[in-house]
Structure formats: C-alpha cells, structure tokens
file target-v4.cif (mmCIF, C-alpha atoms)
data_entry
#
loop_
_atom_site.label_atom_id
_atom_site.label_comp_id
_atom_site.auth_asym_id
_atom_site.auth_seq_id
_atom_site.Cartn_x
_atom_site.Cartn_y
_atom_site.Cartn_z
CA MET A 277 167.04 -102.56 97.66
CA LEU A 278 163.26 -102.93 97.75
CA ALA A 279 163.12 -103.02 93.95
CA GLU A 280 165.73 -105.78 93.83
CA GLY A 281 163.85 -107.78 96.44
CA ILE A 282 160.57 -107.50 94.53
CA PHE A 283 162.30 -108.47 91.28
CA ALA A 284 164.00 -111.45 92.95
CA TYR A 285 160.70 -112.71 94.35
CA LEU A 286 158.88 -112.26 91.03
CA ALA A 287 161.67 -113.88 89.00
CA ALA A 288 161.94 -116.87 91.35
CA ALA A 289 158.16 -117.32 91.38
CA ILE A 290 157.93 -117.05 87.56
CA ILE A 291 160.68 -119.61 86.96
CA VAL A 292 159.41 -122.11 89.55
CA LEU A 293 155.81 -121.77 88.35
CA SER A 294 156.77 -122.17 84.68
CA ILE A 295 158.70 -125.37 85.48
CA LEU A 296 155.71 -126.66 87.46
CA VAL A 297 153.35 -125.81 84.57
CA VAL A 298 155.22 -128.00 82.06
CA THR A 299 155.78 -130.93 84.44
CA ARG A 300 152.41 -131.49 86.16
CA ARG A 301 150.54 -134.64 85.22
CA ASN A 302 147.05 -133.19 85.54
CA PRO A 303 146.33 -130.52 82.88
CA VAL A 304 143.88 -128.74 85.21
CA HIS A 305 146.68 -128.22 87.75
CA SER A 306 148.85 -126.87 84.93
CA VAL A 307 146.21 -124.33 83.95
CA LEU A 308 145.68 -123.14 87.52
CA LEU A 309 149.45 -122.78 88.08
CA MET A 310 149.65 -120.86 84.81
CA LEU A 311 146.98 -118.48 86.12
CA LEU A 312 149.26 -117.74 89.10
CA LEU A 313 152.20 -117.36 86.68
CA PHE A 314 150.33 -114.76 84.60
CA PHE A 315 149.52 -112.73 87.72
CA HIS A 316 153.23 -112.67 88.58
CA ILE A 317 154.10 -111.59 85.02
CA ALA A 318 151.51 -108.80 85.29
CA ALA A 319 153.20 -107.66 88.53
CA LEU A 320 156.54 -107.67 86.68
CA TYR A 321 155.02 -105.39 84.03
CA LEU A 322 153.90 -103.04 86.83
CA THR A 323 157.51 -102.74 88.01
CA LEU A 324 158.45 -101.73 84.44
CA ASP A 325 155.86 -98.87 84.29
CA ALA A 326 153.54 -100.73 81.91
CA GLU A 327 150.18 -100.55 83.69
CA PHE A 328 148.03 -101.02 80.61
CA LEU A 329 149.89 -104.17 79.60
CA ALA A 330 149.59 -105.53 83.14
CA ALA A 331 145.83 -104.98 82.92
CA ILE A 332 145.44 -106.70 79.55
CA GLN A 333 147.74 -109.50 80.70
CA VAL A 334 145.23 -110.23 83.47
CA ILE A 335 142.10 -109.58 81.39
CA VAL A 336 143.06 -111.27 78.10
CA TYR A 337 145.51 -114.00 79.17
CA ALA A 338 144.16 -114.95 82.58
CA GLY A 339 140.57 -114.03 81.86
CA ALA A 340 140.02 -115.25 78.30
CA ILE A 341 142.77 -117.60 77.08
CA LEU A 342 143.13 -119.67 80.25
CA VAL A 343 139.37 -120.02 80.63
CA LEU A 344 139.32 -121.33 77.06
CA PHE A 345 142.05 -123.86 77.92
CA LEU A 346 140.20 -124.97 81.06
CA PHE A 347 136.95 -125.29 79.13
CA VAL A 348 138.56 -127.52 76.48
CA ILE A 349 140.28 -129.69 79.10
CA LEU A 350 137.01 -130.25 80.94
CA LEU A 351 135.27 -130.92 77.61
CA LEU A 352 137.76 -133.61 76.58
CA ASN A 353 137.58 -135.81 79.73
CA LEU A 354 141.24 -136.91 79.85
CA LYS A 355 141.07 -139.88 82.21
CA GLU A 356 143.82 -141.86 80.46
CA GLU A 357 146.26 -138.98 81.10
CA MET A 358 146.43 -140.11 84.72
CA VAL A 359 147.92 -143.51 83.85
CA VAL A 360 150.16 -143.08 80.77
CA SER A 361 153.65 -141.54 80.88
CA ARG A 362 153.76 -137.75 80.78
CA TYR A 363 156.65 -137.49 78.34
CA ILE A 364 157.21 -138.73 74.81
CA GLY A 365 159.66 -141.60 74.24
CA PRO A 366 162.76 -139.62 73.16
CA TRP A 367 162.33 -136.90 75.82
CA PRO A 368 166.08 -136.63 76.68
CA LEU A 369 166.64 -135.54 73.07
CA GLY A 370 164.12 -132.72 73.43
CA LEU A 371 165.65 -131.62 76.73
CA MET A 372 169.12 -131.62 75.15
CA ALA A 373 167.84 -129.45 72.28
CA ALA A 374 166.33 -126.98 74.76
CA LEU A 375 169.54 -126.78 76.80
CA GLY A 376 171.54 -126.27 73.62
CA LEU A 377 169.27 -123.36 72.76
CA LEU A 378 169.82 -121.94 76.26
CA PHE A 379 173.58 -122.14 75.68
CA MET A 380 173.23 -120.25 72.39
CA ILE A 381 171.06 -117.55 74.01
CA THR A 382 173.68 -117.25 76.77
CA LEU A 383 176.36 -116.57 74.17
CA SER A 384 174.21 -113.98 72.39
CA LEU A 385 173.25 -112.17 75.61
CA ARG A 386 176.92 -111.55 76.37
CA SER A 387 177.41 -109.50 73.23
CA PHE A 388 174.25 -107.40 73.64
CA VAL A 389 174.65 -103.66 72.98
CA ALA A 390 171.75 -101.32 73.73
CA GLY A 391 170.51 -98.98 71.00
CA PRO A 392 169.96 -95.21 71.32
CA SER A 393 167.49 -94.03 73.94
CA GLY A 394 164.06 -92.81 72.85
CA GLN A 395 161.76 -89.92 73.83
CA ILE A 396 159.22 -91.54 76.15
CA THR A 397 160.71 -91.54 79.62
CA ALA A 398 159.21 -92.86 82.85
CA ALA A 399 158.52 -89.27 83.98
CA LEU A 400 156.49 -88.59 80.81
CA ILE A 401 154.51 -91.80 81.35
CA LYS A 402 153.81 -90.76 84.93
CA THR A 403 152.39 -87.37 83.86
CA GLU A 404 150.50 -88.53 80.73
CA THR A 405 149.48 -92.04 81.93
CA HIS A 406 150.61 -95.19 80.20
CA THR A 407 147.34 -95.92 78.41
CA LYS A 408 147.30 -92.51 76.74
CA VAL A 409 150.92 -92.75 75.55
CA LEU A 410 150.42 -96.28 74.21
CA GLY A 411 147.12 -95.34 72.55
CA LYS A 412 148.65 -92.31 70.81
CA ILE A 413 151.36 -94.46 69.20
CA LEU A 414 149.01 -97.35 68.46
CA PHE A 415 146.42 -95.24 66.66
CA THR A 416 148.80 -93.02 64.69
CA GLU A 417 152.03 -94.79 63.78
CA TYR A 418 150.71 -98.36 64.04
CA ILE A 419 147.18 -97.92 62.69
CA TYR A 420 147.65 -100.32 59.74
CA PRO A 421 149.09 -103.16 61.88
CA PHE A 422 146.18 -102.55 64.27
CA GLU A 423 143.67 -103.02 61.45
CA ILE A 424 145.52 -106.12 60.22
CA VAL A 425 145.46 -107.66 63.69
CA SER A 426 141.72 -107.12 63.84
CA MET A 427 141.45 -109.10 60.59
CA VAL A 428 143.61 -111.84 62.17
CA LEU A 429 141.18 -112.04 65.09
CA LEU A 430 138.21 -112.21 62.71
CA VAL A 431 139.85 -115.07 60.78
CA ALA A 432 140.57 -116.84 64.09
CA ILE A 433 136.92 -116.57 65.16
CA ILE A 434 135.67 -118.01 61.86
CA GLY A 435 138.40 -120.67 61.79
CA ALA A 436 137.67 -121.84 65.34
CA ILE A 437 133.96 -122.20 64.50
CA VAL A 438 134.69 -124.11 61.27
CA LEU A 439 137.18 -126.44 62.99
CA ALA A 440 135.09 -127.21 66.05
CA LYS A 441 131.62 -127.60 64.56
CA LYS A 442 130.15 -130.98 63.77
CA LYS A 443 130.00 -132.15 60.16
CA LEU A 444 126.73 -131.22 58.50
CA ARG A 445 124.92 -134.08 56.78
CA SER A 446 124.96 -133.59 53.01
CA MET B 131 167.66 -99.70 89.28
CA ILE B 132 167.63 -103.33 88.16
CA PRO B 133 169.95 -104.00 85.18
CA LEU B 134 168.36 -104.90 81.87
CA ASN B 135 170.38 -108.11 81.73
CA TRP B 136 168.45 -109.61 84.67
CA TYR B 137 165.19 -109.25 82.79
CA LEU B 138 166.73 -110.79 79.66
CA TRP B 139 168.01 -113.75 81.70
CA LEU B 140 164.59 -114.28 83.25
CA SER B 141 163.02 -114.14 79.80
CA ALA B 142 165.57 -116.59 78.38
CA VAL B 143 165.00 -119.11 81.19
CA VAL B 144 161.21 -118.98 80.85
CA PHE B 145 161.54 -119.35 77.08
CA ILE B 146 163.75 -122.43 77.48
CA VAL B 147 161.30 -123.97 79.94
CA GLY B 148 158.61 -123.46 77.30
CA VAL B 149 160.77 -125.03 74.58
CA ALA B 150 161.59 -128.02 76.80
CA GLY B 151 157.92 -128.53 77.65
CA PHE B 152 156.93 -128.32 74.00
CA LEU B 153 159.57 -130.86 72.93
CA THR B 154 159.07 -133.38 75.73
CA ARG B 155 155.42 -133.47 76.75
CA ARG B 156 152.97 -135.95 75.27
CA ASN B 157 149.72 -134.12 75.96
CA ILE B 158 148.85 -131.70 73.15
CA ILE B 159 147.13 -129.24 75.51
CA ILE B 160 150.29 -128.89 77.60
CA MET B 161 152.20 -128.33 74.36
CA PHE B 162 149.91 -125.40 73.54
CA MET B 163 150.42 -124.04 77.04
CA SER B 164 154.19 -124.24 76.45
CA ILE B 165 153.72 -122.07 73.36
CA GLU B 166 151.87 -119.50 75.49
CA LEU B 167 154.78 -119.67 77.95
CA MET B 168 157.27 -118.90 75.15
CA LEU B 169 155.16 -115.95 73.96
CA ASN B 170 155.07 -114.62 77.52
CA ALA B 171 158.85 -114.90 77.81
CA VAL B 172 159.24 -112.82 74.65
CA ASN B 173 156.74 -110.30 76.05
CA ILE B 174 158.83 -109.91 79.22
CA SER B 175 161.93 -109.08 77.21
CA LEU B 176 160.01 -106.70 74.90
CA VAL B 177 158.52 -104.77 77.83
CA SER B 178 161.91 -104.54 79.55
CA PHE B 179 163.60 -103.30 76.36
CA SER B 180 160.84 -100.76 75.92
CA SER B 181 161.18 -99.53 79.48
CA PHE B 182 164.97 -99.32 79.45
CA LEU B 183 165.29 -97.66 76.04
CA ASN B 184 162.50 -95.14 76.82
CA ASP B 185 160.66 -96.20 73.69
CA MET B 186 157.04 -97.29 73.36
CA ARG B 187 157.35 -99.50 70.28
CA GLY B 188 158.21 -102.64 72.21
CA GLU B 189 155.00 -102.36 74.18
CA VAL B 190 152.98 -101.84 71.00
CA LEU B 191 154.53 -105.10 69.77
CA VAL B 192 153.48 -106.81 73.04
CA PHE B 193 149.92 -105.66 72.33
CA PHE B 194 150.03 -107.38 68.93
CA VAL B 195 151.65 -110.50 70.40
CA ILE B 196 148.80 -110.83 72.90
CA ALA B 197 146.22 -110.46 70.11
CA VAL B 198 147.97 -113.12 68.01
CA ALA B 199 148.27 -115.40 71.08
CA ALA B 200 144.53 -115.13 71.63
CA SER B 201 143.73 -116.07 68.03
CA GLU B 202 146.32 -118.87 68.13
CA ALA B 203 144.71 -120.29 71.27
CA ALA B 204 141.26 -120.20 69.65
CA ILE B 205 142.46 -121.95 66.46
CA GLY B 206 144.64 -124.44 68.34
CA LEU B 207 141.90 -125.47 70.74
CA GLY B 208 139.53 -125.83 67.77
CA ILE B 209 142.07 -128.21 66.19
CA ILE B 210 142.33 -130.14 69.49
CA ILE B 211 138.55 -130.55 69.65
CA ALA B 212 138.44 -131.74 66.03
CA LEU B 213 141.31 -134.17 66.75
CA PHE B 214 139.64 -135.52 69.86
CA ARG B 215 136.37 -136.02 68.01
CA ASN B 216 138.09 -138.07 65.28
CA ARG B 217 140.68 -140.00 67.30
CA ALA B 218 139.56 -139.73 70.97
CA THR B 219 143.12 -138.93 72.04
CA ALA B 220 145.12 -135.92 73.16
CA ARG B 221 148.50 -137.66 72.78
CA VAL B 222 150.71 -136.38 69.98
CA ASP B 223 152.51 -139.69 69.45
CA GLU B 224 149.25 -141.38 68.52
CA VAL B 225 148.47 -138.88 65.76
CA ASN B 226 150.39 -139.94 62.66
CA GLU B 227 147.97 -139.78 59.73
CA MET B 228 150.08 -137.21 57.90
CA ARG B 229 153.31 -139.20 58.18
CA GLY B 230 154.66 -139.85 54.70
#
call {"tool": "encode", "arguments": {"input": "target-v4.cif", "output": "structure tokens"}}
result
Amino acid sequence: MLAEGIFAYLAAAIIVLSILVVTRRNPVHSVLLMLLLFFHIAALYLTLDAEFLAAIQVIVYAGAILVLFLFVILLLNLKEEMVVSRYIGPWPLGLMAALGLLFMITLSLRSFVAGPSGQITAALIKTETHTKVLGKILFTEYIYPFEIVSMVLLVAIIGAIVLAKKKLRS
Amino acid sequence: MIPLNWYLWLSAVVFIVGVAGFLTRRNIIIMFMSIELMLNAVNISLVSFSSFLNDMRGEVLVFFVIAVAASEAAIGLGIIIALFRNRATARVDEVNEMRG
C-alpha cells in the first residue's frame, strides 16, 4: 500500500511538472520546474532499486545540464519572450500529432509481452550494492560502448567550443 | 508490487508531453528542454524494464543515454549561442535561412 502511494505521488508530480515545464512563458521558470522534475525522477529510480542512476540523475542532469541551460538563458537576455505568443502558428497540428502518437503507444502497450527473467535480482543488488553490479557489467561486457561514449563526449566538448567561440579575424 | 504497466504508462505520458512541447513551442531553448524530457521518459521505462526483468542491461543503456544527453545539451546550447549571435532571436519561426 505504501509503495503504491509513493508511486502515485511521484507519477502525479512528474506528469504535472512536465506539463508545467513545456507551458511556462518564462524559460527560467521552466528550468527551475525541470529541476524539481528531475528530483522526482531520481526518487522514482530509488523505488526501482537503482541508487547509482538516481545519484547520477541528480549530479549530471540537475547539476550539470540544467545549470548549462540556465546559464545560456541568462546569457541570451530574452526580454521579447515576455510579449510574443508562446506557441508557433500551427500549434493545434503539433498537438494533434502528439496525441496521435499517444494513441499508437497505447495500442502497442496492450500487446506487450515480457521477455525471460535475468540473473540479477533485487536481493543480489542489496547484498552486492548497485554501483558494484552496474560497474562489473559496464567495464566487462560494455567496455567498447563505454570507450565510444567517451569519444562522443570529447567530440561534444570540441564542438561546443567551436560553435560558441567568436570568429577569429583572418 | 507495482505492475510494470504503470511505469510504462507514466513513461508514455511524459514522452508525449515532451513531443507536444517540441512541436508547439516557439522558443528554441524550451524545445531543447522538451528533448531532455523525452530522453528522461525513455530512461524511466528502461530502468523499470531492467528492474522487472532482473537484468542490468537496461540500466547500462540509461548510463549511455545520460552521457549522450549531456553532449547533446552542450552542442545544442552552442548552436543556440551561435544563432543568437547572428540573428538575435531564440524563436524558431524566425530562422529560415536553410529553407529551399
């Protein structure tokens, strides 16, 4: 009963906050509501026995990505956002497309069949700790994707510098 | 025990909110935040699959998704700064240089 109550609170908060994030006029309000949303998602990960992911959700998403968003918003000085319309001209069309996609996802969720169960149970995670279990898989079976993702991050760093720097005089 | 379907429904609703925000908003920064919202919705469903199927691979995938989201945010915000420097706007309907 307690688990259902916690899930109901988290789900309601996540849905309401996500709707607020995409409808606020002021982008700074959107970012701050999104911070609250990410904390709720981290709590949802805790209820699913994923402590390490909850921690990096808070550290990477809330700590790094949202600060970057806030920094760019404050850098851009968006005064005209307060007066113009929030939505593009054909916004009902976009909303219709999104609701159509929801309908299709509804149909596909009905026919969902779960695959075979794996080896790593909640009891094993409790004895070995989540970080250790995740690290063992990440650094043995998924070592090449791990290296590739580090290259992706390196490219992103260089690309962000190249895009954002001022033109040098030739 | 909460059924897996509840988590999938939550994930689907958050994903659709992200899609709707991306398709309807005018401000390019809010559009990027909608993309982050969609990635988070996918992460919710991956973590719940991983937890219910007693398999760690979904959570490894979430780790990679977060890394890619971080690099996407860095690149995207760099593009926004370059756009704002050239056009002094953050509205997508005013940016049409590449229209054929």
call {"tool": "closest_residue", "arguments": {"input": "target-v4.cif", "among": "A:Val428, A:Ile332, A:Ile317, A:Leu439", "to": "Val172 in chain B", "atoms": "all atoms listed in the file"}}
result
A:Ile317
call {"tool": "closest_residue", "arguments": {"input": "target-v4.cif", "among": "A:Leu371, A:Ile419, A:Val389, A:Leu313", "to": "chain B", "atoms": "all atoms listed in the file"}}
result
A:Leu371
call {"tool": "closest_residue", "arguments": {"input": "target-v4.cif", "among": "A:Val298, A:Val292, A:Val360, A:Leu369", "to": "chain B", "atoms": "all atoms listed in the file"}}
result
A:Val298
call {"tool": "resolve_selection", "arguments": {"input": "target-v4.cif", "expression": "the PyMOL selection byres ((chain A) within 7 of (chain B))", "output": "PyMOL selection string"}}
result
chain A and resi 280+287+291+294-295+298+303+324+341+348+362-364+367+370-371+374+378+393-397+410+414+425+429+432+435-436+439-440
call {"tool": "closest_residue", "arguments": {"input": "target-v4.cif", "among": "A:Tyr420, A:Phe388, A:Phe283, A:Phe328", "to": "Ile401 in chain A", "atoms": "only C-alpha atoms"}}
result
A:Phe328
call {"tool": "atom_distance", "arguments": {"input": "target-v4.cif", "atom1": "CA of Gln333 in chain A", "atom2": "CA of Phe315 in chain A"}}
result
7.9 Å
call {"tool": "decode", "arguments": {"input": "target-v4.cif", "residues": "range 294-309 of chain A", "atoms": "all heavy atoms", "output": "PDB file, in the first residue's frame"}}
result
ATOM      1  N   SER A 294       5.960  18.012 -15.714  1.00  0.00           N
ATOM      2  CA  SER A 294       6.402  18.022 -17.110  1.00  0.00           C
ATOM      3  C   SER A 294       5.471  18.886 -17.958  1.00  0.00           C
ATOM      4  O   SER A 294       5.932  19.592 -18.866  1.00  0.00           O
ATOM      5  CB  SER A 294       6.479  16.600 -17.659  1.00  0.00           C
ATOM      6  OG  SER A 294       5.233  15.983 -17.595  1.00  0.00           O
ATOM      7  N   ILE A 295       4.148  18.869 -17.640  1.00  0.00           N
ATOM      8  CA  ILE A 295       3.238  19.747 -18.390  1.00  0.00           C
ATOM      9  C   ILE A 295       3.561  21.211 -18.092  1.00  0.00           C
ATOM     10  O   ILE A 295       3.594  22.054 -19.000  1.00  0.00           O
ATOM     11  CB  ILE A 295       1.779  19.407 -18.038  1.00  0.00           C
ATOM     12  CG1 ILE A 295       1.432  18.031 -18.601  1.00  0.00           C
ATOM     13  CG2 ILE A 295       0.824  20.434 -18.613  1.00  0.00           C
ATOM     14  CD1 ILE A 295       0.086  17.523 -18.173  1.00  0.00           C
ATOM     15  N   LEU A 296       3.852  21.515 -16.827  1.00  0.00           N
ATOM     16  CA  LEU A 296       4.203  22.898 -16.478  1.00  0.00           C
ATOM     17  C   LEU A 296       5.483  23.339 -17.196  1.00  0.00           C
ATOM     18  O   LEU A 296       5.581  24.477 -17.651  1.00  0.00           O
ATOM     19  CB  LEU A 296       4.382  23.029 -14.962  1.00  0.00           C
ATOM     20  CG  LEU A 296       3.117  23.066 -14.126  1.00  0.00           C
ATOM     21  CD1 LEU A 296       3.471  23.130 -12.656  1.00  0.00           C
ATOM     22  CD2 LEU A 296       2.285  24.266 -14.498  1.00  0.00           C
ATOM     23  N   VAL A 297       6.467  22.408 -17.303  1.00  0.00           N
ATOM     24  CA  VAL A 297       7.742  22.770 -17.928  1.00  0.00           C
ATOM     25  C   VAL A 297       7.532  23.230 -19.369  1.00  0.00           C
ATOM     26  O   VAL A 297       8.107  24.228 -19.798  1.00  0.00           O
ATOM     27  CB  VAL A 297       8.726  21.581 -17.878  1.00  0.00           C
ATOM     28  CG1 VAL A 297       9.881  21.783 -18.828  1.00  0.00           C
ATOM     29  CG2 VAL A 297       9.266  21.417 -16.486  1.00  0.00           C
ATOM     30  N   VAL A 298       6.687  22.519 -20.135  1.00  0.00           N
ATOM     31  CA  VAL A 298       6.546  22.877 -21.548  1.00  0.00           C
ATOM     32  C   VAL A 298       5.540  23.987 -21.781  1.00  0.00           C
ATOM     33  O   VAL A 298       5.377  24.428 -22.910  1.00  0.00           O
ATOM     34  CB  VAL A 298       6.188  21.660 -22.433  1.00  0.00           C
ATOM     35  CG1 VAL A 298       7.269  20.622 -22.351  1.00  0.00           C
ATOM     36  CG2 VAL A 298       4.852  21.095 -22.070  1.00  0.00           C
ATOM     37  N   THR A 299       4.827  24.458 -20.733  1.00  0.00           N
ATOM     38  CA  THR A 299       3.847  25.514 -20.989  1.00  0.00           C
ATOM     39  C   THR A 299       4.199  26.858 -20.348  1.00  0.00           C
ATOM     40  O   THR A 299       3.509  27.837 -20.630  1.00  0.00           O
ATOM     41  CB  THR A 299       2.453  25.107 -20.476  1.00  0.00           C
ATOM     42  OG1 THR A 299       2.580  24.706 -19.118  1.00  0.00           O
ATOM     43  CG2 THR A 299       1.864  23.984 -21.285  1.00  0.00           C
ATOM     44  N   ARG A 300       5.213  26.935 -19.501  1.00  0.00           N
ATOM     45  CA  ARG A 300       5.516  28.227 -18.872  1.00  0.00           C
ATOM     46  C   ARG A 300       6.050  29.222 -19.899  1.00  0.00           C
ATOM     47  O   ARG A 300       6.738  28.850 -20.850  1.00  0.00           O
ATOM     48  CB  ARG A 300       6.537  28.071 -17.764  1.00  0.00           C
ATOM     49  CG  ARG A 300       6.086  27.369 -16.514  1.00  0.00           C
ATOM     50  CD  ARG A 300       4.874  27.967 -15.885  1.00  0.00           C
ATOM     51  NE  ARG A 300       3.669  27.347 -16.435  1.00  0.00           N
ATOM     52  CZ  ARG A 300       2.440  27.793 -16.230  1.00  0.00           C
ATOM     53  NH1 ARG A 300       2.236  28.853 -15.495  1.00  0.00           N
ATOM     54  NH2 ARG A 300       1.420  27.181 -16.769  1.00  0.00           N
ATOM     55  N   ARG A 301       5.726  30.498 -19.674  1.00  0.00           N
ATOM     56  CA  ARG A 301       6.200  31.535 -20.588  1.00  0.00           C
ATOM     57  C   ARG A 301       7.662  31.865 -20.343  1.00  0.00           C
ATOM     58  O   ARG A 301       8.444  32.045 -21.273  1.00  0.00           O
ATOM     59  CB  ARG A 301       5.348  32.788 -20.389  1.00  0.00           C
ATOM     60  CG  ARG A 301       5.697  33.921 -21.316  1.00  0.00           C
ATOM     61  CD  ARG A 301       4.804  35.100 -21.044  1.00  0.00           C
ATOM     62  NE  ARG A 301       3.448  34.884 -21.541  1.00  0.00           N
ATOM     63  CZ  ARG A 301       3.076  35.162 -22.788  1.00  0.00           C
ATOM     64  NH1 ARG A 301       3.947  35.631 -23.644  1.00  0.00           N
ATOM     65  NH2 ARG A 301       1.849  34.961 -23.184  1.00  0.00           N
ATOM     66  N   ASN A 302       8.034  31.947 -19.064  1.00  0.00           N
ATOM     67  CA  ASN A 302       9.402  32.349 -18.721  1.00  0.00           C
ATOM     68  C   ASN A 302      10.321  31.125 -18.715  1.00  0.00           C
ATOM     69  O   ASN A 302      10.073  30.176 -17.974  1.00  0.00           O
ATOM     70  CB  ASN A 302       9.362  32.992 -17.327  1.00  0.00           C
ATOM     71  CG  ASN A 302      10.659  33.700 -17.000  1.00  0.00           C
ATOM     72  OD1 ASN A 302      11.694  33.367 -17.550  1.00  0.00           O
ATOM     73  ND2 ASN A 302      10.583  34.659 -16.114  1.00  0.00           N
ATOM     74  N   PRO A 303      11.375  31.101 -19.548  1.00  0.00           N
ATOM     75  CA  PRO A 303      12.248  29.921 -19.590  1.00  0.00           C
ATOM     76  C   PRO A 303      12.944  29.630 -18.264  1.00  0.00           C
ATOM     77  O   PRO A 303      13.242  28.473 -17.966  1.00  0.00           O
ATOM     78  CB  PRO A 303      13.279  30.281 -20.663  1.00  0.00           C
ATOM     79  CG  PRO A 303      12.669  31.341 -21.464  1.00  0.00           C
ATOM     80  CD  PRO A 303      11.767  32.092 -20.550  1.00  0.00           C
ATOM     81  N   VAL A 304      13.194  30.662 -17.445  1.00  0.00           N
ATOM     82  CA  VAL A 304      13.832  30.414 -16.146  1.00  0.00           C
ATOM     83  C   VAL A 304      12.908  29.609 -15.242  1.00  0.00           C
ATOM     84  O   VAL A 304      13.336  28.673 -14.557  1.00  0.00           O
ATOM     85  CB  VAL A 304      14.223  31.751 -15.491  1.00  0.00           C
ATOM     86  CG1 VAL A 304      14.836  31.521 -14.136  1.00  0.00           C
ATOM     87  CG2 VAL A 304      15.197  32.500 -16.363  1.00  0.00           C
ATOM     88  N   HIS A 305      11.599  29.916 -15.280  1.00  0.00           N
ATOM     89  CA  HIS A 305      10.641  29.121 -14.506  1.00  0.00           C
ATOM     90  C   HIS A 305      10.642  27.681 -14.994  1.00  0.00           C
ATOM     91  O   HIS A 305      10.573  26.750 -14.190  1.00  0.00           O
ATOM     92  CB  HIS A 305       9.235  29.713 -14.648  1.00  0.00           C
ATOM     93  CG  HIS A 305       9.095  31.067 -14.025  1.00  0.00           C
ATOM     94  ND1 HIS A 305       7.955  31.813 -14.104  1.00  0.00           N
ATOM     95  CD2 HIS A 305       9.979  31.813 -13.337  1.00  0.00           C
ATOM     96  CE1 HIS A 305       8.137  32.948 -13.472  1.00  0.00           C
ATOM     97  NE2 HIS A 305       9.359  32.983 -13.006  1.00  0.00           N
ATOM     98  N   SER A 306      10.710  27.500 -16.332  1.00  0.00           N
ATOM     99  CA  SER A 306      10.737  26.145 -16.880  1.00  0.00           C
ATOM    100  C   SER A 306      11.926  25.361 -16.349  1.00  0.00           C
ATOM    101  O   SER A 306      11.788  24.200 -15.952  1.00  0.00           O
ATOM    102  CB  SER A 306      10.820  26.200 -18.401  1.00  0.00           C
ATOM    103  OG  SER A 306       9.582  26.513 -18.945  1.00  0.00           O
ATOM    104  N   VAL A 307      13.100  26.011 -16.325  1.00  0.00           N
ATOM    105  CA  VAL A 307      14.300  25.296 -15.868  1.00  0.00           C
ATOM    106  C   VAL A 307      14.169  24.927 -14.398  1.00  0.00           C
ATOM    107  O   VAL A 307      14.513  23.803 -13.998  1.00  0.00           O
ATOM    108  CB  VAL A 307      15.556  26.159 -16.117  1.00  0.00           C
ATOM    109  CG1 VAL A 307      16.752  25.562 -15.432  1.00  0.00           C
ATOM    110  CG2 VAL A 307      15.832  26.264 -17.590  1.00  0.00           C
ATOM    111  N   LEU A 308      13.640  25.833 -13.577  1.00  0.00           N
ATOM    112  CA  LEU A 308      13.540  25.526 -12.149  1.00  0.00           C
ATOM    113  C   LEU A 308      12.511  24.425 -11.883  1.00  0.00           C
ATOM    114  O   LEU A 308      12.734  23.544 -11.038  1.00  0.00           O
ATOM    115  CB  LEU A 308      13.202  26.795 -11.367  1.00  0.00           C
ATOM    116  CG  LEU A 308      14.331  27.834 -11.421  1.00  0.00           C
ATOM    117  CD1 LEU A 308      13.941  29.078 -10.673  1.00  0.00           C
ATOM    118  CD2 LEU A 308      15.609  27.272 -10.848  1.00  0.00           C
ATOM    119  N   LEU A 309      11.394  24.429 -12.663  1.00  0.00           N
ATOM    120  CA  LEU A 309      10.427  23.336 -12.520  1.00  0.00           C
ATOM    121  C   LEU A 309      11.028  22.016 -12.982  1.00  0.00           C
ATOM    122  O   LEU A 309      10.736  20.951 -12.436  1.00  0.00           O
ATOM    123  CB  LEU A 309       9.167  23.657 -13.324  1.00  0.00           C
ATOM    124  CG  LEU A 309       8.271  24.726 -12.724  1.00  0.00           C
ATOM    125  CD1 LEU A 309       7.258  25.186 -13.742  1.00  0.00           C
ATOM    126  CD2 LEU A 309       7.559  24.175 -11.527  1.00  0.00           C
TER     127      LEU A 309
END
